[in-house]
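Scroll down for the structure; my scribbles are underneath it.
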Amino acid sequence: MPINHRAEAERLLASADTSIAAALEATLPLADQQHAAVLTGIITNRALGHAMLAQGATAAADAAAYRHTNHSLRFALIRHVAEGLALSEGDEAHQHARGLAQYLDNVGLNIDREVDDYIDGLGWGDPRDAWLSPTARKDKWAAEMRSPWDTDSSDSAETPN
């Protein structure tokens with residue numbers, strides 16, 4: 001069980017109060033007063049050590065909370081951009097997701113690799129295609145689906161002999 005440094009610091013400071021009272025007690029022999037004064041210094045130093053550890057534990061807990069918040073916000077951005085790119089049906093919605101990714105790039109928060117990993121992990125197809133606008137994606141897929149034996153109207157015209 002971890003030590004509660006704050007409680008230990010408070011307990012030691014209460015002990016130091018008792019020790020300092022003994023050190024100031026004029027009815028005690030001088031040796032006992034000196035012993036109480038030294039003991040007060042030792043207890044006070046230990047209390048200060050625990051107080052600093054308690055402060056550090058609070059700072060560490062705050063840092064962990066900030067790290068968790070940053071991680072959560074980063075994941076939310078990755079998910080938002082990935083879903084905006086891969087699932088948008090219109091070019092305008094797609095451009096908003098792409099614009100957010102580009103803005104994050106400009107401020108040093110590049111998430112492109114994580115966006116690609118997210119899209120790939122969900123099996124939404126080739127992540128590179130998600131970066132294409134829906135119109136460009138449809139044109140690409142249509143070209144890929146076209147059979148080499150398909151001919152367009154200009155090729156189908158018969159040439160006279």
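Quick note on naming: the chains in the structure tokens go A, B, ... in the order shown, residues restart at 1 in each chain, and ligands are numbered from 1 in order of appearance.
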
- [ ] Determine, counting only C-alpha atoms, which protein, DNA and RNA residues have an atom within 12 Å of an atom of Ser133 (chain A); residues of the same chain fewer than 4 positions away are not included. Present the result as a list in words.
- [x]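 Answer for this query is Gly84, Leu85, Ala86, Leu87, Ser88, Glu89, Gly90, Asp91, Glu92, Ala93, His94, Gln95, His96, Ala97, Arg98, Gly99, Arg128, Asp129, Arg137, Lys138, Asp139 and Lys140 of chain A.
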
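Distances here use only C-alpha atoms; by that measure, the residue among A:Gly41, A:Gly121, A:Pro148, A:Pro134 closest to Arg79 (chain A) is A:Gly121.
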
Taking the backbone alone, and naming residues the way the document does, which bits of region 18-157 of chain A are alpha helix (DSSP H) by DSSP, as a short mmCIF file (atom, residue, chain, number, x, y, z; two decimals) with N, CA and C atoms, in the first residue's frame?
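Result saved to part-v4.cif:
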data_model
loop_
_atom_site.label_atom_id
_atom_site.label_comp_id
_atom_site.auth_asym_id
_atom_site.auth_seq_id
_atom_site.Cartn_x
_atom_site.Cartn_y
_atom_site.Cartn_z
N THR A 18 4.79 18.85 19.55
CA THR A 18 4.96 18.31 20.91
C THR A 18 6.42 18.40 21.34
N SER A 19 7.33 18.07 20.40
CA SER A 19 8.76 18.10 20.72
C SER A 19 9.25 19.52 21.00
N ILE A 20 8.78 20.48 20.21
CA ILE A 20 9.22 21.86 20.43
C ILE A 20 8.69 22.39 21.76
N ALA A 21 7.47 21.93 22.10
CA ALA A 21 6.91 22.34 23.40
C ALA A 21 7.80 21.81 24.53
N ALA A 22 8.29 20.56 24.37
CA ALA A 22 9.18 19.98 25.39
C ALA A 22 10.51 20.73 25.42
N ALA A 23 11.01 21.13 24.25
CA ALA A 23 12.29 21.84 24.19
C ALA A 23 12.20 23.20 24.87
N LEU A 30 18.33 20.62 31.13
CA LEU A 30 18.87 21.18 29.90
C LEU A 30 19.15 20.10 28.86
N ALA A 31 19.64 18.95 29.26
CA ALA A 31 19.93 17.87 28.32
C ALA A 31 18.65 17.39 27.63
N ASP A 32 17.58 17.30 28.39
CA ASP A 32 16.30 16.87 27.80
C ASP A 32 15.76 17.95 26.84
N GLN A 33 15.95 19.22 27.20
CA GLN A 33 15.51 20.31 26.30
C GLN A 33 16.30 20.26 24.98
N GLN A 34 17.63 20.05 25.10
CA GLN A 34 18.44 19.96 23.89
C GLN A 34 18.04 18.75 23.03
N HIS A 35 17.80 17.62 23.72
CA HIS A 35 17.38 16.43 23.00
C HIS A 35 16.05 16.70 22.27
N ALA A 36 15.13 17.35 22.91
CA ALA A 36 13.83 17.66 22.30
C ALA A 36 14.00 18.62 21.12
N ALA A 37 14.95 19.57 21.23
CA ALA A 37 15.17 20.51 20.13
C ALA A 37 15.75 19.79 18.91
N VAL A 38 16.71 18.88 19.12
CA VAL A 38 17.28 18.11 18.01
C VAL A 38 16.21 17.22 17.39
N LEU A 39 15.42 16.57 18.25
CA LEU A 39 14.34 15.71 17.77
C LEU A 39 13.33 16.53 16.95
N THR A 40 13.04 17.75 17.38
CA THR A 40 12.13 18.62 16.63
C THR A 40 12.68 18.90 15.24
N GLY A 41 13.99 19.18 15.14
CA GLY A 41 14.61 19.43 13.84
C GLY A 41 14.52 18.22 12.92
N ILE A 42 14.79 17.03 13.48
CA ILE A 42 14.73 15.80 12.68
C ILE A 42 13.30 15.54 12.21
N ILE A 43 12.36 15.65 13.11
CA ILE A 43 10.96 15.38 12.75
C ILE A 43 10.47 16.40 11.72
N THR A 44 10.85 17.66 11.90
CA THR A 44 10.43 18.71 10.96
C THR A 44 11.01 18.45 9.57
N ASN A 45 12.28 18.05 9.50
CA ASN A 45 12.89 17.73 8.20
C ASN A 45 12.19 16.55 7.54
N ARG A 46 11.86 15.52 8.32
CA ARG A 46 11.13 14.37 7.76
C ARG A 46 9.76 14.82 7.26
N ALA A 47 9.10 15.69 8.02
CA ALA A 47 7.78 16.20 7.60
C ALA A 47 7.89 16.98 6.30
N LEU A 48 8.94 17.80 6.19
CA LEU A 48 9.15 18.55 4.95
C LEU A 48 9.39 17.61 3.78
N GLY A 49 10.15 16.55 4.00
CA GLY A 49 10.39 15.56 2.95
C GLY A 49 9.09 14.92 2.47
N HIS A 50 8.24 14.53 3.42
CA HIS A 50 6.96 13.94 3.04
C HIS A 50 6.05 14.96 2.36
N ALA A 51 6.11 16.21 2.80
CA ALA A 51 5.30 17.25 2.16
C ALA A 51 5.74 17.45 0.71
N MET A 52 7.07 17.44 0.48
CA MET A 52 7.55 17.58 -0.90
C MET A 52 7.16 16.38 -1.74
N LEU A 53 7.22 15.18 -1.16
CA LEU A 53 6.80 13.99 -1.89
C LEU A 53 5.30 14.06 -2.20
N ALA A 54 4.52 14.55 -1.27
CA ALA A 54 3.08 14.69 -1.50
C ALA A 54 2.82 15.68 -2.63
N GLN A 55 3.58 16.76 -2.66
CA GLN A 55 3.43 17.74 -3.73
C GLN A 55 3.83 17.12 -5.07
N GLY A 56 4.91 16.34 -5.07
CA GLY A 56 5.35 15.66 -6.29
C GLY A 56 4.33 14.64 -6.76
N ALA A 57 3.71 13.93 -5.81
CA ALA A 57 2.70 12.94 -6.18
C ALA A 57 1.51 13.64 -6.83
N THR A 58 1.15 14.80 -6.32
CA THR A 58 0.05 15.56 -6.91
C THR A 58 0.43 16.02 -8.31
N ALA A 59 1.66 16.51 -8.46
CA ALA A 59 2.11 16.96 -9.77
C ALA A 59 2.16 15.79 -10.76
N ALA A 60 2.61 14.63 -10.28
CA ALA A 60 2.66 13.45 -11.15
C ALA A 60 1.25 13.03 -11.55
N ALA A 61 0.32 13.09 -10.61
CA ALA A 61 -1.07 12.74 -10.92
C ALA A 61 -1.65 13.73 -11.93
N ASP A 62 -1.34 15.01 -11.76
CA ASP A 62 -1.81 16.03 -12.70
C ASP A 62 -1.21 15.78 -14.08
N ALA A 63 0.09 15.47 -14.14
CA ALA A 63 0.74 15.21 -15.42
C ALA A 63 0.12 13.98 -16.09
N ALA A 64 -0.18 12.95 -15.31
CA ALA A 64 -0.81 11.75 -15.88
C ALA A 64 -2.20 12.09 -16.41
N ALA A 65 -2.93 12.92 -15.70
CA ALA A 65 -4.26 13.33 -16.16
C ALA A 65 -4.16 14.14 -17.45
N TYR A 66 -3.17 15.02 -17.53
CA TYR A 66 -2.98 15.80 -18.75
C TYR A 66 -2.59 14.91 -19.92
N ARG A 67 -1.69 13.94 -19.67
CA ARG A 67 -1.30 13.00 -20.72
C ARG A 67 -2.51 12.21 -21.22
N HIS A 68 -3.34 11.76 -20.29
CA HIS A 68 -4.54 11.00 -20.67
C HIS A 68 -5.49 11.87 -21.49
N THR A 69 -5.67 13.10 -21.07
CA THR A 69 -6.54 14.03 -21.81
C THR A 69 -5.99 14.28 -23.21
N ASN A 70 -4.69 14.53 -23.31
CA ASN A 70 -4.08 14.76 -24.62
C ASN A 70 -4.23 13.54 -25.52
N HIS A 71 -4.02 12.36 -24.96
CA HIS A 71 -4.16 11.12 -25.75
C HIS A 71 -5.61 10.97 -26.23
N SER A 72 -6.56 11.23 -25.35
CA SER A 72 -7.98 11.11 -25.72
C SER A 72 -8.36 12.11 -26.81
N LEU A 73 -7.90 13.35 -26.66
CA LEU A 73 -8.21 14.36 -27.67
C LEU A 73 -7.55 14.04 -29.00
N ARG A 74 -6.32 13.55 -28.96
CA ARG A 74 -5.63 13.17 -30.20
C ARG A 74 -6.39 12.04 -30.90
N PHE A 75 -6.83 11.04 -30.13
CA PHE A 75 -7.57 9.94 -30.74
C PHE A 75 -8.89 10.46 -31.32
N ALA A 76 -9.54 11.38 -30.62
CA ALA A 76 -10.80 11.94 -31.15
C ALA A 76 -10.55 12.65 -32.48
N LEU A 77 -9.45 13.39 -32.58
CA LEU A 77 -9.11 14.05 -33.85
C LEU A 77 -8.82 13.04 -34.94
N ILE A 78 -8.07 12.00 -34.61
CA ILE A 78 -7.73 10.96 -35.59
C ILE A 78 -9.02 10.32 -36.11
N ARG A 79 -9.89 9.96 -35.20
CA ARG A 79 -11.14 9.31 -35.59
C ARG A 79 -12.01 10.25 -36.43
N HIS A 80 -12.09 11.50 -36.01
CA HIS A 80 -12.92 12.47 -36.74
C HIS A 80 -12.41 12.66 -38.17
N VAL A 81 -11.10 12.83 -38.32
CA VAL A 81 -10.53 13.03 -39.65
C VAL A 81 -10.68 11.75 -40.48
N ALA A 82 -10.38 10.60 -39.89
CA ALA A 82 -10.47 9.33 -40.64
C ALA A 82 -11.89 9.08 -41.12
N GLU A 83 -12.86 9.25 -40.25
CA GLU A 83 -14.24 9.01 -40.66
C GLU A 83 -14.72 10.07 -41.64
N GLY A 84 -14.26 11.30 -41.47
CA GLY A 84 -14.62 12.35 -42.41
C GLY A 84 -14.06 12.10 -43.80
N LEU A 85 -12.85 11.57 -43.86
CA LEU A 85 -12.24 11.27 -45.15
C LEU A 85 -12.88 10.04 -45.79
N ALA A 86 -13.00 8.97 -45.03
CA ALA A 86 -13.43 7.70 -45.60
C ALA A 86 -14.93 7.60 -45.82
N LEU A 87 -15.71 8.28 -45.01
CA LEU A 87 -17.16 8.10 -45.07
C LEU A 87 -17.93 9.25 -45.70
N ASP A 91 -17.99 16.14 -51.67
CA ASP A 91 -16.65 16.72 -51.70
C ASP A 91 -16.45 17.78 -50.62
N GLU A 92 -17.51 18.53 -50.30
CA GLU A 92 -17.37 19.60 -49.32
C GLU A 92 -17.08 19.04 -47.92
N ALA A 93 -17.81 18.01 -47.52
CA ALA A 93 -17.57 17.39 -46.21
C ALA A 93 -16.17 16.77 -46.16
N HIS A 94 -15.78 16.16 -47.26
CA HIS A 94 -14.44 15.56 -47.35
C HIS A 94 -13.37 16.65 -47.20
N GLN A 95 -13.59 17.79 -47.84
CA GLN A 95 -12.62 18.88 -47.79
C GLN A 95 -12.47 19.42 -46.36
N HIS A 96 -13.55 19.41 -45.58
CA HIS A 96 -13.45 19.86 -44.18
C HIS A 96 -12.52 18.93 -43.39
N ALA A 97 -12.68 17.63 -43.58
CA ALA A 97 -11.82 16.67 -42.87
C ALA A 97 -10.37 16.81 -43.33
N ARG A 98 -10.18 16.94 -44.62
CA ARG A 98 -8.83 17.10 -45.16
C ARG A 98 -8.21 18.42 -44.69
N GLY A 99 -9.02 19.48 -44.63
CA GLY A 99 -8.54 20.77 -44.15
C GLY A 99 -8.12 20.72 -42.70
N LEU A 100 -8.86 19.97 -41.88
CA LEU A 100 -8.48 19.81 -40.47
C LEU A 100 -7.13 19.08 -40.38
N ALA A 101 -6.96 18.03 -41.17
CA ALA A 101 -5.68 17.30 -41.17
C ALA A 101 -4.54 18.22 -41.59
N GLN A 102 -4.76 19.04 -42.61
CA GLN A 102 -3.72 19.95 -43.08
C GLN A 102 -3.41 21.02 -42.03
N TYR A 103 -4.45 21.52 -41.35
CA TYR A 103 -4.22 22.50 -40.28
C TYR A 103 -3.37 21.88 -39.17
N LEU A 104 -3.70 20.65 -38.78
CA LEU A 104 -2.93 19.98 -37.74
C LEU A 104 -1.48 19.79 -38.19
N ASP A 105 -1.27 19.48 -39.47
CA ASP A 105 0.10 19.38 -40.01
C ASP A 105 0.84 20.70 -39.83
N ASN A 106 0.16 21.80 -40.14
CA ASN A 106 0.79 23.13 -40.08
C ASN A 106 1.18 23.54 -38.67
N ASP A 112 -1.47 12.03 -39.94
CA ASP A 112 -1.75 11.30 -41.18
C ASP A 112 -1.53 9.80 -41.04
N ARG A 113 -0.42 9.39 -40.44
CA ARG A 113 -0.12 7.97 -40.29
C ARG A 113 -1.16 7.29 -39.41
N GLU A 114 -1.56 7.95 -38.32
CA GLU A 114 -2.56 7.37 -37.43
C GLU A 114 -3.93 7.30 -38.11
N VAL A 115 -4.25 8.30 -38.94
CA VAL A 115 -5.50 8.27 -39.69
C VAL A 115 -5.49 7.08 -40.65
N ASP A 116 -4.38 6.89 -41.35
CA ASP A 116 -4.27 5.74 -42.27
C ASP A 116 -4.40 4.43 -41.51
N ASP A 117 -3.76 4.32 -40.35
CA ASP A 117 -3.84 3.10 -39.54
C ASP A 117 -5.28 2.84 -39.07
N TYR A 118 -5.97 3.90 -38.68
CA TYR A 118 -7.36 3.77 -38.22
C TYR A 118 -8.25 3.26 -39.36
N ILE A 119 -8.10 3.86 -40.53
CA ILE A 119 -8.90 3.45 -41.70
C ILE A 119 -8.57 2.01 -42.07
N ASP A 120 -7.31 1.67 -42.09
CA ASP A 120 -6.87 0.31 -42.43
C ASP A 120 -7.39 -0.70 -41.40
N GLY A 121 -7.34 -0.33 -40.13
CA GLY A 121 -7.79 -1.22 -39.07
C GLY A 121 -9.27 -1.54 -39.13
N LEU A 122 -10.05 -0.63 -39.66
CA LEU A 122 -11.49 -0.86 -39.76
C LEU A 122 -11.88 -1.54 -41.07
N PRO A 127 -6.28 3.05 -47.38
CA PRO A 127 -6.28 4.37 -46.74
C PRO A 127 -5.90 5.49 -47.70
N ARG A 128 -5.07 5.20 -48.72
CA ARG A 128 -4.68 6.26 -49.67
C ARG A 128 -5.89 6.76 -50.44
N ASP A 129 -6.86 5.87 -50.70
CA ASP A 129 -8.07 6.29 -51.41
C ASP A 129 -8.92 7.25 -50.59
N ALA A 130 -8.85 7.12 -49.26
CA ALA A 130 -9.65 7.99 -48.40
C ALA A 130 -9.25 9.46 -48.55
N PRO A 134 -14.52 12.31 -52.72
CA PRO A 134 -15.47 11.29 -53.14
C PRO A 134 -15.65 11.24 -54.67
N THR A 135 -15.62 12.40 -55.32
CA THR A 135 -15.75 12.41 -56.78
C THR A 135 -14.56 11.73 -57.43
N ALA A 136 -13.35 12.07 -57.00
CA ALA A 136 -12.14 11.46 -57.56
C ALA A 136 -12.10 9.97 -57.25
N ARG A 137 -12.57 9.59 -56.06
CA ARG A 137 -12.61 8.18 -55.67
C ARG A 137 -13.55 7.40 -56.57
N LYS A 138 -14.74 7.95 -56.84
CA LYS A 138 -15.71 7.28 -57.71
C LYS A 138 -15.16 7.13 -59.11
N ASP A 139 -14.50 8.17 -59.63
CA ASP A 139 -13.89 8.10 -60.96
C ASP A 139 -12.80 7.03 -61.01
N LYS A 140 -12.00 6.96 -59.95
CA LYS A 140 -10.92 5.97 -59.90
C LYS A 140 -11.51 4.56 -59.89
N TRP A 141 -12.52 4.35 -59.04
CA TRP A 141 -13.13 3.02 -58.95
C TRP A 141 -13.82 2.64 -60.26
N ALA A 142 -14.44 3.60 -60.90
CA ALA A 142 -15.11 3.32 -62.18
C ALA A 142 -14.07 2.92 -63.22
N ALA A 143 -12.93 3.60 -63.23
CA ALA A 143 -11.87 3.25 -64.18
C ALA A 143 -11.30 1.87 -63.88
N GLU A 144 -11.19 1.53 -62.61
CA GLU A 144 -10.67 0.22 -62.24
C GLU A 144 -11.65 -0.90 -62.58
N MET A 145 -12.93 -0.60 -62.52
CA MET A 145 -13.96 -1.60 -62.78
C MET A 145 -14.20 -1.80 -64.28
N SER A 153 -17.55 4.93 -77.13
CA SER A 153 -18.29 5.13 -78.36
C SER A 153 -17.39 5.49 -79.53
N SER A 154 -16.29 6.16 -79.30
CA SER A 154 -15.41 6.54 -80.41
C SER A 154 -14.70 5.29 -80.97
N ASP A 155 -14.44 4.31 -80.11
CA ASP A 155 -13.77 3.09 -80.60
C ASP A 155 -14.75 2.14 -81.27
N SER A 156 -16.01 2.25 -80.96
CA SER A 156 -16.98 1.29 -81.49
C SER A 156 -17.44 1.63 -82.90
#
